[in-house]
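Visitor: What follows is the file run37.cif, containing mmCIF, C-alpha atoms and all ligand atoms:
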```
data_run
loop_
_atom_site.label_atom_id
_atom_site.label_comp_id
_atom_site.auth_asym_id
_atom_site.auth_seq_id
_atom_site.Cartn_x
_atom_site.Cartn_y
_atom_site.Cartn_z
CA MET W 319 0.00 0.00 0.00
CA ILE W 320 2.62 2.49 1.10
CA ALA W 321 5.02 1.32 -1.65
CA GLU W 322 2.26 1.87 -4.22
CA SER W 323 1.55 5.39 -3.08
CA LEU W 324 5.24 6.22 -2.96
CA ALA W 325 5.61 4.87 -6.50
CA ALA W 326 2.76 7.10 -7.63
CA LEU W 327 4.20 10.19 -5.93
CA TYR W 328 7.86 9.73 -6.80
CA PRO W 329 7.84 10.92 -10.47
CA ALA W 330 6.51 14.37 -9.50
CA HIS W 331 9.08 14.55 -6.69
CA LEU W 332 11.86 13.83 -9.15
CA GLU W 333 10.50 16.43 -11.58
CA THR W 334 10.66 18.98 -8.77
CA LEU W 335 14.26 18.06 -7.98
CA ILE W 336 15.20 18.28 -11.65
CA ALA W 337 13.62 21.71 -11.95
CA ARG W 338 15.37 22.93 -8.81
CA ALA W 339 18.73 21.48 -9.83
CA THR W 340 18.45 23.13 -13.25
CA VAL W 341 17.99 26.58 -11.70
CA ALA W 342 20.65 25.93 -9.05
CA LEU W 343 23.21 25.08 -11.76
CA GLU W 344 22.32 28.27 -13.66
CA ARG W 345 22.79 30.27 -10.47
CA GLY W 346 26.23 28.79 -9.94
CA GLY W 347 27.27 28.80 -13.60
CA PHE W 348 27.78 25.01 -13.79
CA ASP W 349 26.74 22.39 -16.35
CA HIS W 350 26.42 19.31 -14.13
CA LEU W 351 25.36 18.44 -10.61
CA LEU W 352 27.27 15.65 -8.88
CA VAL W 353 26.30 14.32 -5.48
CA PRO W 354 28.39 11.61 -3.84
CA SER W 355 26.48 9.52 -1.32
CA GLY W 356 29.39 9.83 1.12
CA THR W 357 32.05 7.57 2.55
CA LEU W 358 32.79 5.62 5.69
CA HIS W 359 34.67 7.44 8.44
CA TYR W 360 37.10 5.65 10.75
CA GLN W 361 37.90 6.11 14.40
CA VAL W 362 41.29 7.60 15.08
CA PHE W 363 44.18 5.06 15.05
CA ASP W 364 41.62 2.30 14.53
CA ASP W 365 40.00 0.29 11.75
CA ARG W 366 36.51 0.67 13.19
CA ASP W 367 34.12 2.74 11.13
CA TYR W 368 31.53 5.14 12.48
CA PRO W 369 27.91 4.56 11.51
CA TYR W 370 27.53 5.69 7.92
CA ALA W 371 25.35 8.76 7.37
CA ALA W 372 24.19 9.34 3.78
CA ASN W 373 24.74 12.78 2.27
CA PRO W 374 21.31 14.47 2.62
CA GLN W 375 21.71 15.95 -0.88
CA PHE W 376 21.98 12.38 -2.17
CA LYS W 377 19.08 10.82 -0.31
CA HIS W 378 16.88 13.65 -1.52
CA TRP W 379 17.03 12.01 -4.96
CA VAL W 380 16.95 8.34 -4.03
CA PRO W 381 15.85 6.60 -0.80
CA LEU W 382 19.25 4.96 -0.34
CA VAL W 383 20.80 5.24 3.10
CA ARG W 384 23.23 2.30 3.09
CA ASN W 385 25.22 2.97 -0.05
CA PRO W 386 28.51 4.76 0.51
CA GLY W 387 30.62 5.30 -2.60
CA SER W 388 27.70 5.92 -5.00
CA TRP W 389 27.07 9.09 -7.02
CA LEU W 390 24.13 10.98 -8.42
CA ALA W 391 24.90 12.82 -11.65
CA PHE W 392 22.51 15.24 -13.30
CA THR W 393 22.87 17.28 -16.46
CA PRO W 394 19.90 19.49 -17.45
CA GLY W 395 17.99 18.00 -20.35
CA GLU W 396 19.23 14.47 -19.65
CA ARG W 397 17.93 11.62 -17.51
CA PRO W 398 19.56 11.64 -14.10
CA LYS W 399 22.23 9.01 -13.65
CA LEU W 400 22.97 6.89 -10.61
CA VAL W 401 26.45 5.43 -10.29
CA TYR W 402 25.81 2.62 -7.86
CA LEU W 403 28.60 0.99 -5.89
CA GLN W 404 28.02 -2.71 -5.39
CA PRO W 405 31.47 -3.86 -4.28
CA ARG W 406 32.83 -7.37 -4.53
CA ASP W 407 33.27 -7.95 -0.82
CA TYR W 408 33.00 -11.20 1.12
CA TRP W 409 33.41 -9.49 4.50
CA HIS W 410 30.12 -7.63 4.42
CA VAL W 411 26.67 -7.96 2.98
CA VAL W 412 26.82 -6.22 -0.37
CA PRO W 413 23.98 -3.83 -1.31
CA GLU W 414 21.42 -5.49 -3.54
CA ALA W 415 21.11 -4.51 -7.17
CA PRO W 416 19.21 -1.23 -7.40
CA SER W 417 15.47 -1.78 -7.54
CA GLY W 418 12.25 -0.19 -6.39
CA TYR W 419 9.80 2.43 -7.55
CA TRP W 420 12.54 4.99 -8.12
CA ALA W 421 15.02 2.89 -10.10
CA GLU W 422 13.30 3.06 -13.51
CA HIS W 423 13.73 6.84 -13.57
CA PHE W 424 17.54 6.69 -13.65
CA ASP W 425 20.25 5.55 -15.97
CA ILE W 426 22.09 3.24 -13.62
CA ALA W 427 25.73 2.23 -13.83
CA VAL W 428 26.78 -0.44 -11.34
CA ILE W 429 30.43 -0.24 -10.27
CA ARG W 430 32.51 -2.60 -8.17
CA LYS W 431 35.16 -0.19 -6.86
CA PRO W 432 34.70 3.44 -5.73
CA ASP W 433 37.23 4.78 -8.26
CA ASP W 434 35.28 3.21 -11.12
CA ALA W 435 32.73 5.98 -10.66
CA LEU W 436 35.13 8.21 -12.61
CA GLN W 437 34.27 6.45 -15.87
CA HIS W 438 30.66 7.49 -15.47
CA LEU W 439 31.06 11.12 -14.37
CA PRO W 440 31.22 14.07 -16.79
CA ARG W 441 34.71 14.59 -18.25
CA ASN W 442 35.33 18.12 -17.13
CA ALA W 443 35.27 18.37 -13.35
CA THR W 444 35.56 22.16 -13.47
CA ARG W 445 32.04 22.34 -14.99
CA CYS W 446 30.55 20.36 -12.11
CA ALA W 447 28.91 21.52 -8.93
CA ILE W 448 29.88 18.72 -6.54
CA LEU W 449 27.97 18.64 -3.28
CA GLY W 450 29.40 16.56 -0.48
CA GLU W 451 32.15 16.00 2.05
CA PRO W 452 35.83 16.52 1.16
CA GLN W 453 36.50 12.83 1.74
CA SER W 454 34.37 11.89 -1.27
CA ALA W 455 36.98 13.33 -3.67
CA LEU W 456 37.88 11.09 -6.60
CA GLY W 457 40.25 11.27 -9.54
CA ARG W 458 43.77 12.36 -10.16
CA TYR W 459 44.77 15.05 -7.66
CA GLY W 460 41.22 14.91 -6.35
CA ALA W 461 39.81 16.51 -9.51
CA PHE W 462 36.30 15.46 -8.52
CA ALA W 463 36.47 17.01 -5.08
CA PRO W 464 33.30 18.48 -3.64
CA ASN W 465 33.39 22.24 -4.27
CA ASN W 466 30.00 22.96 -2.67
CA PRO W 467 29.38 26.20 -4.60
CA GLN W 468 27.48 28.57 -2.34
CA PRO W 469 24.87 29.77 -4.90
CA VAL W 470 23.99 26.15 -5.71
CA LEU W 471 23.77 25.14 -2.05
CA ASP W 472 21.80 28.27 -1.14
CA TYR W 473 19.22 27.53 -3.78
CA LEU W 474 18.81 23.83 -3.09
CA GLU W 475 18.85 24.09 0.69
CA TYR W 476 16.37 26.95 0.75
CA HIS W 477 13.88 25.03 -1.40
CA ARG W 478 14.38 21.79 0.49
CA ALA W 479 12.20 23.32 3.19
CA TYR W 480 9.22 22.88 0.83
CA LYS W 481 8.41 19.20 0.81
CA THR W 482 6.84 17.41 -2.13
CA PRO W 483 3.82 15.15 -1.51
CA TYR W 484 6.24 12.20 -1.85
CA GLU W 485 8.36 13.57 0.98
CA ILE W 486 5.31 14.06 3.18
CA ALA W 487 4.37 10.43 2.52
CA MET W 488 7.89 9.36 3.54
CA MET W 489 7.56 11.34 6.75
CA ARG W 490 4.17 9.78 7.43
CA GLU W 491 5.81 6.41 7.20
CA ALA W 492 8.56 7.46 9.62
CA THR W 493 5.84 8.77 11.94
CA ARG W 494 3.95 5.47 11.78
CA ARG W 495 7.02 3.66 13.05
CA ALA W 496 7.79 6.21 15.76
CA VAL W 497 4.25 6.15 17.11
CA ARG W 498 4.47 2.38 17.43
CA GLY W 499 7.62 2.90 19.48
CA HIS W 500 6.05 5.54 21.69
CA ARG W 501 3.15 3.23 22.54
CA ALA W 502 5.49 0.38 23.45
CA ALA W 503 7.67 2.71 25.52
CA GLU W 504 4.74 4.02 27.54
CA ARG W 505 3.72 0.45 28.36
CA LEU W 506 7.23 -0.31 29.62
CA PHE W 507 7.30 2.89 31.68
CA ARG W 508 4.04 1.92 33.39
CA ALA W 509 5.48 -1.53 34.08
CA GLY W 510 8.45 0.02 35.90
CA ALA W 511 11.21 -0.64 33.35
CA SER W 512 14.58 1.12 33.32
CA GLU W 513 15.45 3.77 30.74
CA PHE W 514 17.62 1.22 28.97
CA GLY W 515 14.80 -1.33 28.95
CA ILE W 516 12.38 1.25 27.56
CA HIS W 517 14.90 2.20 24.89
CA LEU W 518 15.26 -1.43 23.78
CA ALA W 519 11.49 -1.90 23.67
CA TYR W 520 11.23 1.28 21.61
CA CYS W 521 13.82 0.06 19.10
CA GLN W 522 12.10 -3.31 18.90
CA ALA W 523 8.69 -1.77 18.22
CA VAL W 524 10.08 0.66 15.64
CA GLY W 525 12.23 -2.00 14.01
CA GLN W 526 15.28 0.26 14.03
CA ASP W 527 18.41 0.38 16.13
CA ALA W 528 20.34 3.38 17.34
CA ASN W 529 22.22 3.74 14.02
CA GLU W 530 19.03 3.89 11.99
CA LEU W 531 17.10 6.25 14.23
CA PRO W 532 17.31 9.90 13.17
CA TYR W 533 18.78 10.94 16.54
CA GLY W 534 19.69 9.40 19.87
CA ASN W 535 16.61 8.49 21.87
CA ILE W 536 15.95 10.73 24.86
CA VAL W 537 14.47 8.35 27.43
CA ALA W 538 14.20 10.27 30.68
CA LEU W 539 12.62 9.13 33.92
CA ASP W 540 11.85 11.59 36.70
CA ALA W 541 14.35 14.47 37.09
CA HIS W 542 16.28 13.36 33.98
CA GLY W 543 13.50 14.99 31.97
CA ALA W 544 15.03 18.36 32.85
CA VAL W 545 18.13 17.60 30.75
CA LEU W 546 17.12 18.69 27.27
CA HIS W 547 19.25 16.16 25.44
CA TYR W 548 19.47 13.42 28.07
CA THR W 549 20.87 10.29 26.41
CA GLU W 550 22.41 8.36 29.32
CA LEU W 551 19.95 5.42 29.46
CA ASP W 552 20.25 4.30 33.10
CA ARG W 553 20.33 0.51 33.40
CA VAL W 554 18.43 0.40 36.71
CA PRO W 555 14.93 1.83 37.22
CA PRO W 556 14.39 4.38 40.00
CA LYS W 557 12.70 2.87 43.10
CA SER W 558 9.51 4.79 42.59
CA VAL W 559 8.92 6.36 39.20
CA ARG W 560 6.85 9.49 38.76
CA SER W 561 7.33 10.79 35.24
CA PHE W 562 8.60 9.89 31.81
CA LEU W 563 9.73 12.15 28.98
CA LEU W 564 10.38 10.38 25.68
CA ASP W 565 11.80 12.27 22.71
CA ALA W 566 12.28 9.62 20.07
CA GLY W 567 11.77 9.40 16.32
CA ALA W 568 12.16 7.02 13.44
CA SER W 569 13.41 7.11 9.87
CA HIS W 570 12.01 6.07 6.54
CA GLY W 571 14.16 6.17 3.42
CA GLY W 572 16.24 8.91 5.01
CA TYR W 573 13.32 11.04 6.28
CA ALA W 574 12.81 11.69 9.98
CA ALA W 575 10.03 11.83 12.52
CA ASP W 576 10.79 13.70 15.78
CA ILE W 577 8.22 13.14 18.51
CA THR W 578 8.10 13.91 22.24
CA ARG W 579 5.56 12.80 24.78
CA THR W 580 5.55 13.20 28.57
CA HIS W 581 3.67 10.91 30.95
CA ALA W 582 2.82 10.98 34.65
CA MET W 583 2.70 7.64 36.44
CA ASP W 584 -0.25 8.92 38.48
CA ARG W 585 -2.86 10.11 36.02
CA GLY W 586 -4.71 11.92 38.79
CA SER W 587 -1.66 13.91 39.90
CA GLU W 588 -1.01 17.61 39.62
CA PHE W 589 1.90 16.80 37.34
CA GLN W 590 -0.57 15.19 34.92
CA ALA W 591 -2.61 18.41 35.02
CA PHE W 592 0.61 20.31 34.27
CA ILE W 593 1.28 18.03 31.27
CA ASP W 594 -2.28 18.61 30.09
CA ALA W 595 -1.84 22.38 30.31
CA VAL W 596 1.37 22.27 28.24
CA GLU W 597 -0.39 20.01 25.76
CA ARG W 598 -3.27 22.46 25.35
CA ALA W 599 -0.75 25.23 24.65
CA GLU W 600 1.04 22.93 22.21
CA LEU W 601 -2.12 22.15 20.26
CA GLU W 602 -2.96 25.81 19.99
CA LEU W 603 0.52 26.53 18.62
CA CYS W 604 0.20 23.65 16.14
CA GLY W 605 -2.95 25.36 14.87
CA LYS W 606 -0.85 28.42 14.00
CA VAL W 607 1.30 26.57 11.49
CA ARG W 608 -0.16 28.46 8.58
CA ALA W 609 1.12 30.05 5.39
CA GLY W 610 2.36 33.57 6.09
CA MET W 611 3.03 32.94 9.78
CA ASP W 612 6.45 34.14 10.90
CA TYR W 613 7.98 31.27 12.86
CA ARG W 614 9.74 33.79 15.13
CA GLN W 615 6.29 35.04 16.14
CA LEU W 616 5.19 31.49 16.83
CA HIS W 617 8.16 31.14 19.16
CA LEU W 618 7.27 34.34 20.99
CA ASP W 619 3.64 33.24 21.19
CA ALA W 620 4.87 30.01 22.79
CA HIS W 621 6.66 32.00 25.48
CA ILE W 622 3.44 33.83 26.37
CA ALA W 623 1.39 30.61 26.33
CA LEU W 624 3.90 28.76 28.53
CA ALA W 625 4.30 31.71 30.90
CA ARG W 626 0.52 31.54 31.40
CA VAL W 627 0.87 27.91 32.39
CA LEU W 628 3.60 28.87 34.86
CA GLU W 629 1.33 31.56 36.25
CA ASP W 630 -1.72 29.28 36.46
CA PHE W 631 0.26 26.66 38.37
CA GLY W 632 1.71 29.24 40.72
CA PHE W 633 5.37 28.82 39.76
CA ILE W 634 5.68 32.51 38.98
CA THR W 635 4.16 35.38 40.87
CA CYS W 636 3.99 37.89 38.01
CA GLY W 637 1.89 37.98 34.86
CA ALA W 638 2.82 36.15 31.66
CA GLU W 639 3.75 39.32 29.73
CA GLU W 640 6.10 40.41 32.49
CA ALA W 641 7.63 36.93 32.65
CA VAL W 642 8.42 37.09 28.95
CA ALA W 643 9.62 40.70 28.99
CA THR W 644 12.03 40.06 31.87
CA GLY W 645 13.39 36.82 30.39
CA LEU W 646 11.90 34.80 33.26
CA SER W 647 10.02 32.47 30.92
CA SER W 648 13.35 31.43 29.36
CA SER W 649 14.47 29.92 32.67
CA PHE W 650 11.69 27.33 32.30
CA PHE W 651 11.44 27.22 28.48
CA PRO W 652 15.10 27.44 27.48
CA HIS W 653 14.95 26.18 23.87
CA GLY W 654 13.29 27.11 20.61
CA ILE W 655 9.69 26.22 19.76
CA GLY W 656 10.96 23.90 17.04
CA HIS W 657 12.68 23.55 13.69
CA GLY W 658 12.29 22.38 10.14
CA LEU W 659 12.17 18.62 9.70
CA GLY W 660 12.89 16.36 6.74
CA LEU W 661 16.05 14.65 5.55
CA GLN W 662 17.73 15.92 8.69
CA VAL W 663 16.09 16.07 12.06
CA HIS W 664 17.16 19.69 12.29
CA ASP W 665 16.62 20.55 8.67
CA VAL W 666 18.93 22.96 6.85
CA ALA W 667 18.35 26.58 5.87
CA GLY W 668 16.31 27.48 8.94
CA PHE W 669 17.62 31.05 8.83
CA ALA W 670 17.76 31.53 5.05
CA ALA W 671 16.43 34.92 3.93
CA SER W 672 16.08 33.82 0.30
CA ASP W 673 17.22 31.19 -2.19
CA ALA W 674 20.14 33.47 -3.01
CA GLY W 675 21.49 33.66 0.52
CA GLY W 676 21.14 36.04 3.43
CA THR W 677 20.13 35.41 7.02
CA ILE W 678 17.03 36.13 9.07
CA ASP W 679 18.29 36.81 12.57
CA LYS W 680 16.86 35.19 15.68
CA PRO W 681 14.86 37.45 17.99
CA GLN W 682 17.11 39.03 20.61
CA GLY W 683 17.38 36.95 23.76
CA HIS W 684 16.37 33.72 21.96
CA PRO W 685 19.67 32.15 20.87
CA TYR W 686 18.40 28.58 20.48
CA LEU W 687 15.64 29.13 17.93
CA ARG W 688 16.51 27.07 14.84
CA LEU W 689 14.01 28.48 12.35
CA THR W 690 13.27 32.13 11.60
CA ARG W 691 11.55 31.84 8.21
CA GLU W 692 7.98 32.61 7.27
CA LEU W 693 5.91 29.46 6.97
CA ALA W 694 4.65 28.45 3.54
CA PRO W 695 2.81 25.46 2.10
CA GLY W 696 4.93 22.30 2.05
CA MET W 697 7.07 23.21 5.05
CA VAL W 698 7.18 20.63 7.81
CA VAL W 699 8.09 21.92 11.25
CA THR W 700 8.15 20.62 14.77
CA ILE W 701 6.17 22.34 17.49
CA GLU W 702 7.74 21.39 20.80
CA PRO W 703 7.00 23.63 23.75
CA GLY W 704 8.46 22.51 27.05
CA LEU W 705 8.72 23.57 30.69
CA TYR W 706 11.56 22.24 32.82
CA PHE W 707 12.93 22.40 36.34
CA ALA W 708 16.61 22.31 35.46
CA ASP W 709 19.05 22.66 38.38
CA MET W 710 21.49 24.89 36.56
CA LEU W 711 18.87 27.29 35.23
CA LEU W 712 17.14 27.44 38.61
CA GLU W 713 20.47 28.25 40.32
CA ASP W 714 21.03 31.13 37.89
CA LEU W 715 17.45 32.27 38.36
CA LYS W 716 17.80 32.30 42.11
CA ALA W 717 20.93 34.43 41.86
CA GLY W 718 19.43 36.89 39.40
CA SER W 719 16.97 39.77 39.35
CA ASN W 720 13.95 37.52 38.63
CA ALA W 721 14.32 35.49 41.86
CA GLY W 722 11.53 37.43 43.55
CA ARG W 723 9.07 36.56 40.78
CA VAL W 724 9.20 32.85 41.61
CA ASP W 725 7.39 30.74 44.21
CA TRP W 726 10.32 28.57 45.17
CA ASN W 727 8.30 26.16 47.27
CA ARG W 728 6.13 25.35 44.25
CA VAL W 729 9.21 24.89 42.11
CA GLU W 730 10.77 22.60 44.72
CA ALA W 731 7.65 20.43 44.76
CA PHE W 732 7.97 19.77 41.00
CA ARG W 733 11.72 19.40 40.64
CA SER W 734 11.72 15.64 40.92
CA TYR W 735 9.42 15.37 37.88
CA GLY W 736 12.06 16.90 35.60
CA GLY W 737 9.90 18.61 33.03
CA VAL W 738 7.37 18.40 30.26
CA ARG W 739 7.83 18.56 26.50
CA ILE W 740 5.23 17.73 23.87
CA GLU W 741 6.42 17.62 20.26
CA ASP W 742 4.45 17.13 17.06
CA ASN W 743 5.42 17.30 13.40
CA VAL W 744 3.16 19.62 11.44
CA VAL W 745 2.78 20.31 7.72
CA CYS W 746 1.97 23.83 6.58
CA THR W 747 -0.60 23.84 3.77
CA ASP W 748 -2.75 26.37 1.90
CA GLY W 749 -5.36 25.94 4.61
CA GLU W 750 -5.56 23.94 7.81
CA PRO W 751 -2.28 22.52 9.08
CA VAL W 752 -1.80 18.77 8.95
CA ASN W 753 -0.49 17.30 12.18
CA LEU W 754 1.30 14.12 11.08
CA THR W 755 1.91 13.00 14.66
CA ARG W 756 -1.65 13.42 15.95
CA GLU W 757 -3.11 11.79 12.87
CA GLU W 758 -0.94 8.75 13.42
CA PHE W 759 -1.69 8.49 17.14
CA ALA W 760 -5.40 8.82 16.31
CA ALA W 761 -5.15 6.10 13.68
CA GLY W 762 -4.46 3.73 16.55
CA SER W 763 -1.43 2.04 15.03
CA ALA W 764 -0.62 0.13 18.19
N1 LIG C 801 14.98 15.45 19.24
C1 LIG C 801 15.65 16.69 19.12
C2 LIG C 801 14.72 17.79 18.98
O1 LIG C 801 13.58 17.69 19.34
O2 LIG C 801 15.03 18.80 18.42
MN MN C 802 12.57 15.85 19.54
MN MN C 803 12.61 18.52 17.59
#
```
Take the structure in this file and express it as structure tokens.

Guide:
Amino acid sequence: MIAESLAALYPAHLETLIARATVALERGGFDHLLVPSGTLHYQVFDDRDYPYAANPQFKHWVPLVRNPGSWLAFTPGERPKLVYLQPRDYWHVVPEAPSGYWAEHFDIAVIRKPDDALQHLPRNATRCAILGEPQSALGRYGAFAPNNPQPVLDYLEYHRAYKTPYEIAMMREATRRAVRGHRAAERLFRAGASEFGIHLAYCQAVGQDANELPYGNIVALDAHGAVLHYTELDRVPPKSVRSFLLDAGASHGGYAADITRTHAMDRGSEFQAFIDAVERAELELCGKVRAGMDYRQLHLDAHIALARVLEDFGFITCGAEEAVATGLSSSFFPHGIGHGLGLQVHDVAGFAASDAGGTIDKPQGHPYLRLTRELAPGMVVTIEPGLYFADMLLEDLKAGSNAGRVDWNRVEAFRSYGGVRIEDNVVCTDGEPVNLTREEFAAGSA
């Protein structure tokens, strides 16, 4: 079913990439686009390789994430070519011959050694825009070395924010997997498992291990939820567990899902009510993912909404506007409201002013916002408000001018819960936003 719909959507996706690549080459004054899939990297003084990560520019064209040493070659007016490395190697499982809904759209040359790619690339390397890592260089004196021309990159990365229907379908598939994992993880949490045990159950349910997931799972019990990127995975469960923050995604053909849920062990507790309040704010913010919306405004709106939650629960003793104006809200909501999502969990070009370069600055006092662009149809963004009781930030707060605006007894009572974050992946359209995450949870894909 999913393969059929991807097959139906892929030709239009490829047409879009061809059109974009054609303009990008004009902008840079090049005749050919070359994209190496990337290479293996080795640990220092060792023969162990790091997990391979495909060049995002490569997996944009073909859903291949396990094929180092391959190349995409495109010349306007010609069929795109895939130079596909299928080494003779009895040490490892060799990639299968290229097949699938995408393969018929390429001229494919299968090679057995990385250097053999040279026979299939355009003759004149100086006429090529080559997008990739330096280590992918091939040819005499590294003639085919990635040159990453800025006008070409600017154009392609800017437009990558606008997903094709094929890409949205890929992200739906990644979401389907991740939601399965989230359901399994919640079950394990309620059964009293350790963070490590929950992580393994998540991977099992998703069908992906740490190398395939789009980022390291954040599996945080109790106070660990206050560490924004907590990835320690304690082997032993706490004696009595109160809360669980899970920020975990999944991949499909190189596309990412990025989902966070927070749970209280006691569904009748005040912490559950606090989660519910953050979730209401989150849903309202998701509703604002609309064409023409400035994402910086959405971030500032999130500060007001979360400051209201802090006020309602008695953590702060001033009004929401004052909490935002004085920077107090940042002590509890210390990250951005979200980011673009796609081939990379933090998608590129979040600050791009145009497809010809330039930067849209972050609002002053908000250094961790990762997206400052105006939303437009096709963009997929995360909406991930959070409120945390983080030791370091609370120490600073106590020592600063906002200390008197805080009810410290209330804060103390919640510290052991860590924090709350709720994160959905939302598509901007011409009309109502499409919440990929909620749709999948609602579909009941247990
Ligand atoms: N999982 C990382 C993030 O939410 O940005
Ligand atoms: Mn996340
Ligand atoms: Mn995120």

Visitor: Within 9 Å of Leu603 (chain W), counting only C-alpha atoms, which residues show up once you throw out same-chain ones fewer than 2 positions away? Write them as a ChimeraX atom specification, please.

Guide: /W:598-601,605-607,616-617,619-620,623,701,703

Visitor: Kindly provide, as a list in words, all nucleotide and amino acid residues lying within 8 Å of ligand MN 803 (chain C), counting only C-alpha atoms and all ligand atoms.

Guide: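 Residues satisfying the distance criterion: Asp576, Ile577, Thr578, Gly656, His657, Leu659, Val663, His664, Thr700, Ile701, Glu702 and Glu741 of chain W.
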
Visitor: Hey, what's within 10 Å of region 463-466 of chain W if we count only C-alpha atoms and toss same-chain stuff fewer than 6 positions away? As a list in words, please?

Guide: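 That gives Leu352, Val353, Pro354, Ala443, Thr444, Cys446, Ala447, Ile448, Leu449, Gly450, Glu451, Pro452, Gln453, Ser454, Ala455, Leu456, Gly457 and Asp472 of chain W.
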
Visitor: Around ligand LIG 801 (chain C), at most 12 Å away and counting all atoms listed in the file, which residues are there? Put them as a count of residues only, please.

Guide: 50

Visitor: In Å to one decimal, how far is CA of Tyr573 (chain W) from CA of Val738 (chain W)?

Guide: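 We find that CA of Val738 (chain W) and CA of Tyr573 (chain W) lie 25.8 Å from each other.
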
Visitor: Counting all atoms listed in the file, which residues sit no farther than 12 Å from the position (19.7, 23.1, 33.7) in the file's frame? I'd like them as a PyMOL selection string.

Guide: chain W and resi 541-548+648-653+705-715+733+736-737

Visitor: Counting only C-alpha atoms and all ligand atoms, figure out which residue out of W:Glu333, W:Ile593, W:Tyr473, W:Ala496 gets nearest to ligand MN 802 (chain C).

Guide: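 The answer is W:Ala496, which sits nearest to ligand MN 802 (chain C).
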
Visitor: At what distance in Å, to one decimal, does CA of Thr580 (chain W) lie from CA of Ala609 (chain W)?

Guide: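 Rounded to one decimal, the two atoms are 29.0 Å apart.
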
Visitor: Any chance you could work out the axis-aligned box around region 638-652 of chain W, listed atoms only, 8 Å on each side, giving centre and edge lengths in Å to one decimal, as AutoDock Vina command-line options?

Guide:
```
--center_x 9.0 --center_y 34.0 --center_z 30.4 --size_x 28.3 --size_y 29.5 --size_z 21.8
```

Visitor: Find the residues near His331 (chain W): any atom within 10 Å, counting all atoms listed in the file, skip ones fewer than 5 places away on the same chain, and give them as a VMD selection string.

Guide: chain W and resid 324 326 336 to 337 378 to 379 481 to 485

Visitor: Distance CA of Gly418 (chain W)-CA of Ala371 (chain W), one decimal place?

Guide: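 Answer for the CA of Gly418 (chain W) to CA of Ala371 (chain W) separation: 21.0 Å.
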
Visitor: I'd like the contact shell of Ser719 (chain W) - 12 Å cut-off, only C-alpha atoms, skipping same-chain residues fewer than 5 positions apart - returned as an MDAnalysis selection string.

Guide: chainID W and resid 641 644:646 714 724

Visitor: Which polymer residues, whether protein, DNA or RNA, lie within 6 Å of the coordinate (6.4, 21.3, 8.6) when you count only C-alpha atoms? List them as an MDAnalysis selection string, using the chain letters and numbers from the file.

Guide: chainID W and resid 697:699 744:746

Visitor: So, with all atoms listed in the file as the atoms that count, which of W:Ser672, W:Ala595, W:Glu602, W:Gln468 lies closest to Gly347 (chain W)?

Guide: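 Closest to Gly347 (chain W) of all the choices is W:Gln468.
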
Visitor: Excluding Asp584 (chain W) and residues on its chain fewer than 3 positions from it, collect all residues at most 10 Å away from it, counting only C-alpha atoms, and give them as an MDAnalysis selection string.

Guide: chainID W and resid 508 559:561 581 587:590

Visitor: Determine the nearest neighbour of Asn385 (chain W) from the options W:Tyr459, W:Tyr370, W:Phe732, W:Tyr419, counting all atoms listed in the file.

Guide: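 With all atoms listed in the file as the atom set, the closest residue is W:Tyr370.
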